[in-house]
$ cat input_8.cif   # mmCIF, N, CA and C atoms
data_upload
#
loop_
_atom_site.label_atom_id
_atom_site.label_comp_id
_atom_site.auth_asym_id
_atom_site.auth_seq_id
_atom_site.Cartn_x
_atom_site.Cartn_y
_atom_site.Cartn_z
N GLN T 1 68.48 -124.42 -9.80
CA GLN T 1 69.06 -125.68 -9.36
C GLN T 1 68.90 -126.72 -10.47
N LEU T 2 70.01 -127.28 -10.90
CA LEU T 2 69.97 -128.29 -11.94
C LEU T 2 69.33 -129.56 -11.42
N GLN T 3 68.39 -130.10 -12.19
CA GLN T 3 67.77 -131.37 -11.85
C GLN T 3 67.89 -132.32 -13.03
N LEU T 4 68.10 -133.59 -12.72
CA LEU T 4 68.27 -134.63 -13.73
C LEU T 4 67.28 -135.75 -13.46
N VAL T 5 66.64 -136.23 -14.51
CA VAL T 5 65.68 -137.32 -14.38
C VAL T 5 66.00 -138.38 -15.43
N GLU T 6 66.32 -139.59 -14.96
CA GLU T 6 66.62 -140.69 -15.87
C GLU T 6 65.36 -141.47 -16.19
N SER T 7 65.36 -142.08 -17.37
CA SER T 7 64.28 -142.98 -17.77
C SER T 7 64.82 -143.95 -18.80
N GLY T 8 64.04 -144.97 -19.10
CA GLY T 8 64.41 -145.90 -20.16
C GLY T 8 64.93 -147.24 -19.70
N GLY T 9 65.08 -147.41 -18.41
CA GLY T 9 65.55 -148.70 -17.92
C GLY T 9 64.48 -149.77 -18.05
N GLY T 10 64.87 -151.01 -17.77
CA GLY T 10 63.92 -152.10 -17.85
C GLY T 10 64.61 -153.44 -17.90
N LEU T 11 63.83 -154.44 -18.25
CA LEU T 11 64.33 -155.82 -18.37
C LEU T 11 64.56 -156.12 -19.85
N VAL T 12 65.73 -156.63 -20.17
CA VAL T 12 66.07 -156.96 -21.55
C VAL T 12 66.85 -158.26 -21.57
N GLN T 13 66.71 -159.01 -22.64
CA GLN T 13 67.44 -160.26 -22.78
C GLN T 13 68.88 -160.00 -23.18
N PRO T 14 69.79 -160.92 -22.85
CA PRO T 14 71.18 -160.77 -23.30
C PRO T 14 71.24 -160.59 -24.82
N GLY T 15 72.09 -159.67 -25.23
CA GLY T 15 72.20 -159.33 -26.64
C GLY T 15 71.26 -158.23 -27.08
N GLY T 16 70.35 -157.84 -26.21
CA GLY T 16 69.39 -156.80 -26.55
C GLY T 16 69.93 -155.39 -26.36
N SER T 17 69.05 -154.41 -26.57
CA SER T 17 69.43 -153.00 -26.49
C SER T 17 68.44 -152.22 -25.64
N LEU T 18 68.94 -151.16 -25.06
CA LEU T 18 68.11 -150.18 -24.36
C LEU T 18 68.69 -148.80 -24.62
N ARG T 19 67.84 -147.79 -24.58
CA ARG T 19 68.33 -146.41 -24.63
C ARG T 19 67.86 -145.69 -23.38
N LEU T 20 68.81 -145.25 -22.59
CA LEU T 20 68.52 -144.48 -21.40
C LEU T 20 68.50 -143.00 -21.74
N SER T 21 67.62 -142.27 -21.07
CA SER T 21 67.52 -140.83 -21.24
C SER T 21 67.78 -140.14 -19.92
N CYS T 22 68.38 -138.98 -19.99
CA CYS T 22 68.64 -138.14 -18.82
C CYS T 22 68.17 -136.73 -19.19
N ALA T 23 67.00 -136.36 -18.67
CA ALA T 23 66.42 -135.06 -18.98
C ALA T 23 66.88 -134.04 -17.95
N ALA T 24 67.38 -132.90 -18.44
CA ALA T 24 67.92 -131.87 -17.56
C ALA T 24 66.99 -130.66 -17.51
N SER T 25 66.89 -130.05 -16.33
CA SER T 25 66.14 -128.81 -16.17
C SER T 25 66.88 -127.95 -15.15
N GLY T 26 66.66 -126.65 -15.23
CA GLY T 26 67.31 -125.75 -14.28
C GLY T 26 68.64 -125.22 -14.75
N ALA T 27 69.17 -125.77 -15.81
CA ALA T 27 70.43 -125.30 -16.40
C ALA T 27 70.54 -125.91 -17.79
N THR T 28 71.27 -125.23 -18.67
CA THR T 28 71.40 -125.77 -20.02
C THR T 28 72.55 -126.76 -20.11
N LEU T 29 72.39 -127.73 -20.98
CA LEU T 29 73.38 -128.80 -21.08
C LEU T 29 74.72 -128.32 -21.62
N ASP T 30 74.74 -127.16 -22.27
CA ASP T 30 76.01 -126.67 -22.80
C ASP T 30 76.88 -126.04 -21.70
N ARG T 31 76.38 -126.07 -20.47
CA ARG T 31 77.16 -125.50 -19.35
C ARG T 31 77.72 -126.59 -18.43
N VAL T 32 77.42 -127.85 -18.71
CA VAL T 32 77.86 -128.93 -17.82
C VAL T 32 78.37 -130.12 -18.63
N ALA T 33 79.29 -130.86 -18.02
CA ALA T 33 79.63 -132.20 -18.52
C ALA T 33 78.65 -133.18 -17.90
N ILE T 34 78.32 -134.21 -18.62
CA ILE T 34 77.39 -135.22 -18.14
C ILE T 34 78.09 -136.57 -18.11
N GLY T 35 77.89 -137.28 -17.02
CA GLY T 35 78.42 -138.64 -16.90
C GLY T 35 77.30 -139.63 -16.63
N TRP T 36 77.49 -140.83 -17.14
CA TRP T 36 76.61 -141.94 -16.78
C TRP T 36 77.41 -142.87 -15.87
N PHE T 37 76.77 -143.31 -14.80
CA PHE T 37 77.37 -144.21 -13.84
C PHE T 37 76.44 -145.39 -13.62
N ARG T 38 76.97 -146.45 -13.07
CA ARG T 38 76.12 -147.58 -12.72
C ARG T 38 76.61 -148.22 -11.43
N GLN T 39 75.67 -148.82 -10.72
CA GLN T 39 76.01 -149.50 -9.48
C GLN T 39 75.24 -150.80 -9.39
N ALA T 40 75.97 -151.89 -9.39
CA ALA T 40 75.38 -153.21 -9.23
C ALA T 40 75.35 -153.57 -7.75
N PRO T 41 74.46 -154.47 -7.34
CA PRO T 41 74.38 -154.86 -5.93
C PRO T 41 75.73 -155.35 -5.41
N GLY T 42 76.13 -154.79 -4.27
CA GLY T 42 77.37 -155.22 -3.65
C GLY T 42 78.63 -154.68 -4.29
N LYS T 43 78.48 -153.80 -5.28
CA LYS T 43 79.64 -153.25 -5.97
C LYS T 43 79.67 -151.74 -5.83
N GLU T 44 80.85 -151.17 -6.06
CA GLU T 44 80.99 -149.73 -6.02
C GLU T 44 80.41 -149.09 -7.28
N ARG T 45 80.05 -147.82 -7.16
CA ARG T 45 79.55 -147.09 -8.32
C ARG T 45 80.68 -146.96 -9.34
N GLU T 46 80.35 -147.21 -10.59
CA GLU T 46 81.33 -147.23 -11.68
C GLU T 46 80.97 -146.18 -12.73
N GLY T 47 81.97 -145.41 -13.15
CA GLY T 47 81.75 -144.47 -14.23
C GLY T 47 81.72 -145.20 -15.56
N VAL T 48 80.69 -144.96 -16.35
CA VAL T 48 80.48 -145.68 -17.61
C VAL T 48 80.84 -144.84 -18.82
N ALA T 49 80.37 -143.59 -18.84
CA ALA T 49 80.59 -142.74 -20.01
C ALA T 49 80.53 -141.29 -19.58
N ILE T 50 81.22 -140.44 -20.35
CA ILE T 50 81.23 -139.01 -20.06
C ILE T 50 81.21 -138.25 -21.37
N ILE T 51 80.53 -137.09 -21.38
CA ILE T 51 80.48 -136.23 -22.55
C ILE T 51 80.68 -134.79 -22.08
N SER T 52 81.49 -134.05 -22.83
CA SER T 52 81.80 -132.67 -22.45
C SER T 52 80.60 -131.76 -22.67
N SER T 53 80.74 -130.51 -22.25
CA SER T 53 79.59 -129.59 -22.33
C SER T 53 79.16 -129.38 -23.79
N GLY T 54 80.09 -129.26 -24.71
CA GLY T 54 79.75 -129.05 -26.11
C GLY T 54 79.46 -130.33 -26.86
N GLY T 55 79.72 -131.46 -26.24
CA GLY T 55 79.46 -132.75 -26.87
C GLY T 55 80.59 -133.27 -27.74
N GLY T 56 81.69 -132.51 -27.83
CA GLY T 56 82.75 -132.92 -28.74
C GLY T 56 83.75 -133.90 -28.18
N SER T 57 83.75 -134.08 -26.87
CA SER T 57 84.67 -135.03 -26.23
C SER T 57 83.88 -136.06 -25.45
N ILE T 58 84.27 -137.31 -25.66
CA ILE T 58 83.54 -138.44 -25.08
C ILE T 58 84.55 -139.49 -24.64
N ASN T 59 84.21 -140.19 -23.57
CA ASN T 59 85.04 -141.33 -23.18
C ASN T 59 84.17 -142.38 -22.50
N TYR T 60 84.66 -143.62 -22.47
CA TYR T 60 83.91 -144.74 -21.92
C TYR T 60 84.83 -145.61 -21.07
N VAL T 61 84.22 -146.33 -20.17
CA VAL T 61 84.95 -147.38 -19.48
C VAL T 61 85.19 -148.51 -20.49
N ASP T 62 86.31 -149.20 -20.36
CA ASP T 62 86.69 -150.20 -21.36
C ASP T 62 85.62 -151.25 -21.60
N SER T 63 84.91 -151.64 -20.56
CA SER T 63 83.97 -152.75 -20.67
C SER T 63 82.76 -152.45 -21.56
N VAL T 64 82.54 -151.17 -21.87
CA VAL T 64 81.37 -150.83 -22.71
C VAL T 64 81.77 -150.24 -24.06
N LYS T 65 83.05 -150.05 -24.29
CA LYS T 65 83.49 -149.47 -25.57
C LYS T 65 83.04 -150.35 -26.73
N GLY T 66 82.50 -149.70 -27.74
CA GLY T 66 81.98 -150.43 -28.90
C GLY T 66 80.55 -150.90 -28.75
N ARG T 67 80.01 -150.82 -27.53
CA ARG T 67 78.63 -151.25 -27.29
C ARG T 67 77.72 -150.11 -26.86
N PHE T 68 78.25 -149.16 -26.10
CA PHE T 68 77.46 -148.04 -25.58
C PHE T 68 77.84 -146.76 -26.32
N THR T 69 76.85 -145.88 -26.48
CA THR T 69 77.09 -144.58 -27.10
C THR T 69 76.39 -143.51 -26.30
N ILE T 70 77.14 -142.50 -25.89
CA ILE T 70 76.57 -141.36 -25.18
C ILE T 70 76.41 -140.20 -26.17
N SER T 71 75.31 -139.46 -26.03
CA SER T 71 75.08 -138.33 -26.92
C SER T 71 74.25 -137.28 -26.22
N LYS T 72 74.36 -136.05 -26.72
CA LYS T 72 73.58 -134.94 -26.17
C LYS T 72 72.65 -134.39 -27.24
N ASP T 73 71.39 -134.15 -26.86
CA ASP T 73 70.44 -133.46 -27.72
C ASP T 73 70.13 -132.14 -27.04
N PHE T 74 70.78 -131.07 -27.53
CA PHE T 74 70.63 -129.77 -26.87
C PHE T 74 69.22 -129.22 -27.00
N ALA T 75 68.57 -129.48 -28.10
CA ALA T 75 67.20 -128.99 -28.29
C ALA T 75 66.25 -129.63 -27.28
N LYS T 76 66.48 -130.90 -26.98
CA LYS T 76 65.62 -131.60 -26.04
C LYS T 76 66.13 -131.53 -24.61
N GLN T 77 67.32 -130.94 -24.43
CA GLN T 77 67.93 -130.87 -23.10
C GLN T 77 68.04 -132.27 -22.48
N THR T 78 68.44 -133.20 -23.29
CA THR T 78 68.49 -134.59 -22.87
C THR T 78 69.80 -135.24 -23.30
N VAL T 79 70.34 -136.07 -22.43
CA VAL T 79 71.51 -136.88 -22.75
C VAL T 79 71.06 -138.33 -22.85
N PHE T 80 71.54 -139.01 -23.88
CA PHE T 80 71.14 -140.39 -24.10
C PHE T 80 72.33 -141.33 -23.88
N LEU T 81 72.02 -142.54 -23.46
CA LEU T 81 73.01 -143.61 -23.43
C LEU T 81 72.40 -144.80 -24.17
N GLN T 82 72.86 -144.98 -25.40
CA GLN T 82 72.41 -146.12 -26.20
C GLN T 82 73.25 -147.32 -25.82
N MET T 83 72.60 -148.39 -25.41
CA MET T 83 73.31 -149.58 -24.93
C MET T 83 72.93 -150.76 -25.81
N ASN T 84 73.90 -151.32 -26.49
CA ASN T 84 73.69 -152.46 -27.37
C ASN T 84 74.47 -153.67 -26.87
N SER T 85 74.12 -154.84 -27.38
CA SER T 85 74.81 -156.09 -27.03
C SER T 85 74.94 -156.25 -25.52
N LEU T 86 73.84 -156.04 -24.84
CA LEU T 86 73.85 -156.08 -23.38
C LEU T 86 74.12 -157.49 -22.86
N THR T 87 74.81 -157.56 -21.75
CA THR T 87 75.12 -158.82 -21.08
C THR T 87 74.63 -158.74 -19.63
N PRO T 88 74.50 -159.87 -18.96
CA PRO T 88 74.08 -159.83 -17.54
C PRO T 88 75.01 -158.97 -16.68
N GLU T 89 76.25 -158.84 -17.08
CA GLU T 89 77.20 -158.01 -16.31
C GLU T 89 76.85 -156.52 -16.39
N ASP T 90 75.98 -156.13 -17.29
CA ASP T 90 75.54 -154.74 -17.39
C ASP T 90 74.38 -154.44 -16.44
N THR T 91 73.87 -155.44 -15.75
CA THR T 91 72.77 -155.24 -14.82
C THR T 91 73.21 -154.33 -13.68
N ALA T 92 72.46 -153.26 -13.46
CA ALA T 92 72.80 -152.28 -12.44
C ALA T 92 71.74 -151.19 -12.42
N VAL T 93 71.81 -150.34 -11.40
CA VAL T 93 71.09 -149.08 -11.43
C VAL T 93 71.99 -148.06 -12.13
N TYR T 94 71.44 -147.41 -13.13
CA TYR T 94 72.20 -146.43 -13.92
C TYR T 94 71.78 -145.02 -13.50
N TYR T 95 72.79 -144.19 -13.29
CA TYR T 95 72.58 -142.81 -12.88
C TYR T 95 73.24 -141.86 -13.89
N CYS T 96 72.60 -140.73 -14.14
CA CYS T 96 73.31 -139.67 -14.83
C CYS T 96 73.65 -138.58 -13.82
N ALA T 97 74.71 -137.86 -14.11
CA ALA T 97 75.18 -136.83 -13.20
C ALA T 97 75.78 -135.69 -14.00
N ALA T 98 75.77 -134.50 -13.42
CA ALA T 98 76.29 -133.31 -14.10
C ALA T 98 77.43 -132.70 -13.30
N SER T 99 78.40 -132.16 -14.03
CA SER T 99 79.54 -131.53 -13.40
C SER T 99 79.79 -130.16 -14.02
N ARG T 100 80.05 -129.19 -13.16
CA ARG T 100 80.44 -127.85 -13.61
C ARG T 100 81.96 -127.69 -13.61
N ASP T 101 82.68 -128.76 -13.31
CA ASP T 101 84.13 -128.74 -13.29
C ASP T 101 84.67 -128.32 -14.65
N PHE T 102 85.48 -127.25 -14.69
CA PHE T 102 85.89 -126.72 -15.99
C PHE T 102 86.63 -127.73 -16.86
N PRO T 103 87.64 -128.44 -16.35
CA PRO T 103 88.32 -129.42 -17.23
C PRO T 103 87.37 -130.44 -17.84
N LEU T 104 86.40 -130.89 -17.08
CA LEU T 104 85.46 -131.87 -17.63
C LEU T 104 84.59 -131.21 -18.68
N ARG T 105 84.11 -130.00 -18.40
CA ARG T 105 83.27 -129.30 -19.38
C ARG T 105 84.03 -129.08 -20.68
N ALA T 106 85.32 -128.85 -20.56
CA ALA T 106 86.14 -128.57 -21.73
C ALA T 106 86.60 -129.84 -22.44
N GLY T 107 86.28 -131.00 -21.89
CA GLY T 107 86.68 -132.25 -22.53
C GLY T 107 88.06 -132.70 -22.18
N ARG T 108 88.62 -132.18 -21.12
CA ARG T 108 89.98 -132.55 -20.72
C ARG T 108 89.92 -133.77 -19.81
N PHE T 109 89.56 -134.88 -20.37
CA PHE T 109 89.55 -136.14 -19.65
C PHE T 109 90.09 -137.22 -20.57
N SER T 110 90.71 -138.22 -19.97
CA SER T 110 91.30 -139.29 -20.75
C SER T 110 90.78 -140.65 -20.37
N GLY T 111 89.75 -140.66 -19.51
CA GLY T 111 89.18 -141.94 -19.09
C GLY T 111 87.74 -141.77 -18.71
N PRO T 112 87.14 -142.80 -18.13
CA PRO T 112 85.73 -142.72 -17.71
C PRO T 112 85.56 -141.75 -16.55
N PRO T 113 84.34 -141.33 -16.27
CA PRO T 113 84.13 -140.32 -15.22
C PRO T 113 84.35 -140.87 -13.82
N SER T 114 84.70 -139.94 -12.93
CA SER T 114 84.85 -140.24 -11.51
C SER T 114 83.73 -139.55 -10.76
N ALA T 115 83.03 -140.29 -9.91
CA ALA T 115 81.86 -139.74 -9.22
C ALA T 115 82.18 -138.51 -8.39
N ALA T 116 83.39 -138.44 -7.87
CA ALA T 116 83.76 -137.33 -6.98
C ALA T 116 83.74 -135.98 -7.70
N GLN T 117 83.78 -135.97 -9.01
CA GLN T 117 83.82 -134.73 -9.78
C GLN T 117 82.43 -134.25 -10.19
N PHE T 118 81.38 -134.95 -9.78
CA PHE T 118 80.02 -134.63 -10.20
C PHE T 118 79.19 -134.15 -9.02
N ASP T 119 78.40 -133.10 -9.30
CA ASP T 119 77.70 -132.40 -8.23
C ASP T 119 76.21 -132.68 -8.19
N TYR T 120 75.63 -132.99 -9.33
CA TYR T 120 74.18 -133.15 -9.42
C TYR T 120 73.88 -134.55 -9.95
N TRP T 121 72.95 -135.21 -9.31
CA TRP T 121 72.65 -136.61 -9.63
C TRP T 121 71.16 -136.83 -9.82
N GLY T 122 70.84 -137.73 -10.75
CA GLY T 122 69.48 -138.17 -10.89
C GLY T 122 69.17 -139.28 -9.90
N GLN T 123 67.94 -139.79 -9.98
CA GLN T 123 67.50 -140.78 -9.00
C GLN T 123 67.86 -142.20 -9.40
N GLY T 124 68.24 -142.40 -10.66
CA GLY T 124 68.64 -143.71 -11.14
C GLY T 124 67.51 -144.45 -11.83
N THR T 125 67.90 -145.36 -12.72
CA THR T 125 66.96 -146.21 -13.41
C THR T 125 67.55 -147.62 -13.49
N GLN T 126 66.72 -148.62 -13.21
CA GLN T 126 67.20 -150.00 -13.13
C GLN T 126 67.29 -150.62 -14.52
N VAL T 127 68.42 -151.24 -14.79
CA VAL T 127 68.61 -152.02 -16.01
C VAL T 127 68.90 -153.46 -15.59
N THR T 128 68.09 -154.38 -16.07
CA THR T 128 68.28 -155.79 -15.76
C THR T 128 68.41 -156.57 -17.07
N VAL T 129 69.52 -157.28 -17.20
CA VAL T 129 69.76 -158.09 -18.40
C VAL T 129 69.70 -159.55 -17.99
N SER T 130 68.67 -160.22 -18.45
CA SER T 130 68.45 -161.60 -18.02
C SER T 130 67.57 -162.32 -19.02
N SER T 131 67.80 -163.61 -19.15
CA SER T 131 66.95 -164.43 -20.02
C SER T 131 65.83 -165.08 -19.20
#
$ encode --input "input_8.cif" --output "structure tokens"
Amino acid sequence: QLQLVESGGGLVQPGGSLRLSCAASGATLDRVAIGWFRQAPGKEREGVAIISSGGGSINYVDSVKGRFTISKDFAKQTVFLQMNSLTPEDTAVYYCAASRDFPLRAGRFSGPPSAAQFDYWGQGTQVTVSS
């Protein structure tokens, strides 16, 4: 059974950076696509970034393009989300999720991830951007 554990959240000032980690166990990262999602209070869960099983295909929601970077470290079985130039609008609980959906694993996506396509979820990590 694939399990995901997020870490790295916290309180940061506007303009600051954080790196979130998503550690996977129970399956290798080269067999799943990974998505990062976030949910702010009173808002729907939003897909932020997605990376294919091999790591060669990536996409982001428009609001984070140029600021966030998703990457996979296969040796560490960990997916990272580097977040730079953070703003209060980035405040949310961030979740990583895994999908065995073949098109996603193969990188056949043209936009940010959709939660309905993901089967395994971590518990989430809080990111708060505030001065």
$ residues_near_point --input "input_8.cif" --point "(68.2, -162.6, -17.6)" --cutoff "8 Å" --atoms "only N, CA and C atoms" --output "CSV table (one decimal) with N, CA and C atoms, in the frame of the given file"
chain,number,residue,atom,x,y,z
T,11,LEU,N,63.8,-154.4,-18.2
T,11,LEU,CA,64.3,-155.8,-18.4
T,11,LEU,C,64.6,-156.1,-19.8
T,12,VAL,N,65.7,-156.6,-20.2
T,12,VAL,CA,66.1,-157.0,-21.6
T,12,VAL,C,66.8,-158.3,-21.6
T,13,GLN,N,66.7,-159.0,-22.6
T,13,GLN,CA,67.4,-160.3,-22.8
T,13,GLN,C,68.9,-160.0,-23.2
T,14,PRO,N,69.8,-160.9,-22.8
T,14,PRO,CA,71.2,-160.8,-23.3
T,14,PRO,C,71.2,-160.6,-24.8
T,87,THR,N,74.8,-157.6,-21.8
T,87,THR,CA,75.1,-158.8,-21.1
T,87,THR,C,74.6,-158.7,-19.6
T,88,PRO,N,74.5,-159.9,-19.0
T,88,PRO,CA,74.1,-159.8,-17.5
T,88,PRO,C,75.0,-159.0,-16.7
T,128,THR,N,68.1,-154.4,-16.1
T,128,THR,CA,68.3,-155.8,-15.8
T,128,THR,C,68.4,-156.6,-17.1
T,129,VAL,N,69.5,-157.3,-17.2
T,129,VAL,CA,69.8,-158.1,-18.4
T,129,VAL,C,69.7,-159.6,-18.0
T,130,SER,N,68.7,-160.2,-18.4
T,130,SER,CA,68.4,-161.6,-18.0
T,130,SER,C,67.6,-162.3,-19.0
T,131,SER,N,67.8,-163.6,-19.2
T,131,SER,CA,67.0,-164.4,-20.0
T,131,SER,C,65.8,-165.1,-19.2
$ resolve_selection --input "input_8.cif" --expression "the PyMOL selection byres ((chain T and resi 106) around 8)" --output "list in words"
Val32, Ala33, Ile51, Ser52, Ser53, Gly54, Gly56, Ser57, Arg100, Asp101, Phe102, Pro103, Leu104, Arg105, Gly107, Arg108 and Phe109 of chain T
$ residues_near_point --input "input_8.cif" --point "(86.3, -143.4, -11.8)" --cutoff "10 Å" --atoms "only C-alpha atoms" --output "number ranges by chain"
T: 37, 45-48, 61, 111-117
$ atom_distance --input "input_8.cif" --atom1 "atom C of Gly124 in chain T" --atom2 "CA of Cys22 in chain T"
9.5 Å
$ select_by_dssp --input "input_8.cif" --residues "chain T" --states "strand (DSSP E or B)" --output "PyMOL selection string"
chain T and resi 3-7+10-12+18-25+33-39+46-51+58-60+68-73+78-83+92-99+120-121+125-129
$ atom_distance --input "input_8.cif" --atom1 "CA of Gln123 in chain T" --atom2 "CA of Gly8 in chain T"
12.7 Å
$ atom_distance --input "input_8.cif" --atom1 "atom C of Val64 in chain T" --atom2 "atom C of Ser21 in chain T"
17.7 Å
$ residues_around --input "input_8.cif" --residues "Ile50 in chain T" --least-positions-apart "3" --cutoff "5 Å" --atoms "all atoms listed in the file" --output "ChimeraX atom specification"
/T:34-36,58-59
$ closest_residue --input "input_8.cif" --among "T:Phe118, T:Phe80, T:Phe74, T:Phe68" --to "Ala97 in chain T" --atoms "only C-alpha atoms"
T:Phe118
